[in-house]
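A.B. asks: See data29.cif below, with mmCIF, C-alpha atoms.
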```
data_run
loop_
_atom_site.label_atom_id
_atom_site.label_comp_id
_atom_site.auth_asym_id
_atom_site.auth_seq_id
_atom_site.Cartn_x
_atom_site.Cartn_y
_atom_site.Cartn_z
CA MET O 1 10.21 -7.40 -6.64
CA LEU O 2 12.82 -7.09 -9.34
CA ILE O 3 12.90 -3.78 -11.17
CA PRO O 4 15.28 -4.08 -14.11
CA SER O 5 15.17 -0.63 -15.70
CA PRO O 6 14.71 3.03 -14.77
CA THR O 7 11.46 3.12 -16.77
CA ALA O 8 10.04 0.17 -14.86
CA ARG O 9 11.18 1.78 -11.62
CA ALA O 10 9.30 4.99 -12.49
CA VAL O 11 6.15 3.03 -13.31
CA ALA O 12 6.47 1.07 -10.07
CA ALA O 13 6.90 4.33 -8.13
CA LEU O 14 3.76 5.76 -9.70
CA CYS O 15 1.79 2.61 -8.87
CA VAL O 16 3.05 2.57 -5.28
CA THR O 17 2.17 6.25 -4.88
CA GLU O 18 -1.37 5.65 -6.15
CA ILE O 19 -1.92 2.59 -3.98
CA ALA O 20 -0.23 3.79 -0.77
CA GLY O 21 -1.90 7.20 -0.63
CA GLY O 22 -0.92 8.90 2.63
CA THR O 23 1.93 6.50 3.37
CA ALA O 24 3.49 6.91 -0.07
CA ARG O 25 6.80 8.21 1.29
CA GLN O 26 7.33 5.12 3.41
CA ALA O 27 6.24 2.81 0.59
CA LEU O 28 8.59 4.53 -1.87
CA GLY O 29 11.43 4.14 0.61
CA VAL O 30 10.80 0.41 0.77
CA LEU O 31 10.63 0.26 -3.04
CA VAL O 32 13.96 2.08 -3.44
CA LEU O 33 15.58 -0.08 -0.77
CA ALA O 34 14.33 -3.28 -2.42
CA GLY O 35 15.52 -2.06 -5.83
CA GLY O 36 18.95 -1.26 -4.44
CA LEU O 37 19.36 -4.59 -2.68
CA THR O 38 18.28 -6.65 -5.66
CA SER O 39 21.74 -6.83 -7.22
CA THR O 40 23.27 -7.63 -3.83
CA ILE O 41 21.08 -10.72 -3.61
CA VAL O 42 20.89 -11.79 -7.25
CA TRP O 43 24.59 -11.56 -8.11
CA PRO O 44 25.81 -14.16 -5.56
CA LEU O 45 22.75 -16.30 -6.23
CA SER O 46 23.52 -16.45 -9.95
CA GLY O 47 27.10 -17.45 -9.09
CA LEU O 48 25.76 -20.32 -7.01
CA LEU O 49 23.44 -21.42 -9.80
CA GLN O 50 26.37 -21.58 -12.22
CA ALA O 51 28.61 -23.55 -9.86
CA PRO O 52 29.36 -27.13 -10.83
CA GLY O 53 27.14 -29.61 -9.06
CA LEU O 54 24.13 -27.35 -8.79
CA LEU O 55 21.53 -26.32 -11.35
CA GLN O 56 23.90 -26.00 -14.30
CA ALA O 57 25.40 -29.45 -13.82
CA GLN O 58 21.98 -31.07 -13.56
CA TRP O 59 19.99 -29.23 -16.24
CA GLY O 60 22.49 -27.18 -18.22
CA TRP O 61 22.97 -23.52 -19.01
CA ARG O 62 19.41 -23.01 -20.30
CA ALA O 63 17.83 -23.80 -16.92
CA THR O 64 20.39 -21.61 -15.17
CA THR O 65 19.56 -18.71 -17.47
CA LEU O 66 15.83 -19.27 -17.02
CA ALA O 67 16.21 -19.28 -13.23
CA HIS O 68 18.27 -16.10 -13.40
CA VAL O 69 15.71 -14.33 -15.60
CA SER O 70 12.77 -15.24 -13.38
#
```
Represent the supplied structure as structure tokens.
C.D. replies:
Amino acid sequence: MLIPSPTARAVAALCVTEIAGGTARQALGVLVLAGGLTSTIVWPLSGLLQAPGLLQAQWGWRATTLAHVS
């Protein structure tokens, strides 16, 4: 789950707290960990998508940007 802004992160935390109930602390820990690791995964992935011979070379910068946004 990608959480791009602090506002979205707060909303996600509220939703997780409501859904998880008694295990909310554990669920929030997973949410924070996933939010923190997102940039670690997405940054190198976007570099690979922009490399010659991959997505950008085949479909151009628009497809690369679309893949990065999704």
A.B. asks: Which residues come within 12 Å of region 13-19 of chain O, counting all atoms listed in the file, excluding same-chain residues fewer than 5 positions away, as a PyMOL selection string?
C.D. replies: chain O and resi 3+6-8+24-32+35
A.B. asks: Expressed in Å to a single decimal, how great is the separation between CA of Leu66 (chain O) and CA of Val42 (chain O)?
C.D. replies: 13.3 Å
A.B. asks: Take every atom of region 11-19 of chain O listed in the file, fit an axis-aligned box around them, add 5 Å per side, and give the centre and edge lengths in Å to one decimal as JSON.
C.D. replies:
```
{"center_x": 2.5, "center_y": 3.7, "center_z": -8.6, "size_x": 18.8, "size_y": 15.2, "size_z": 19.3}
```
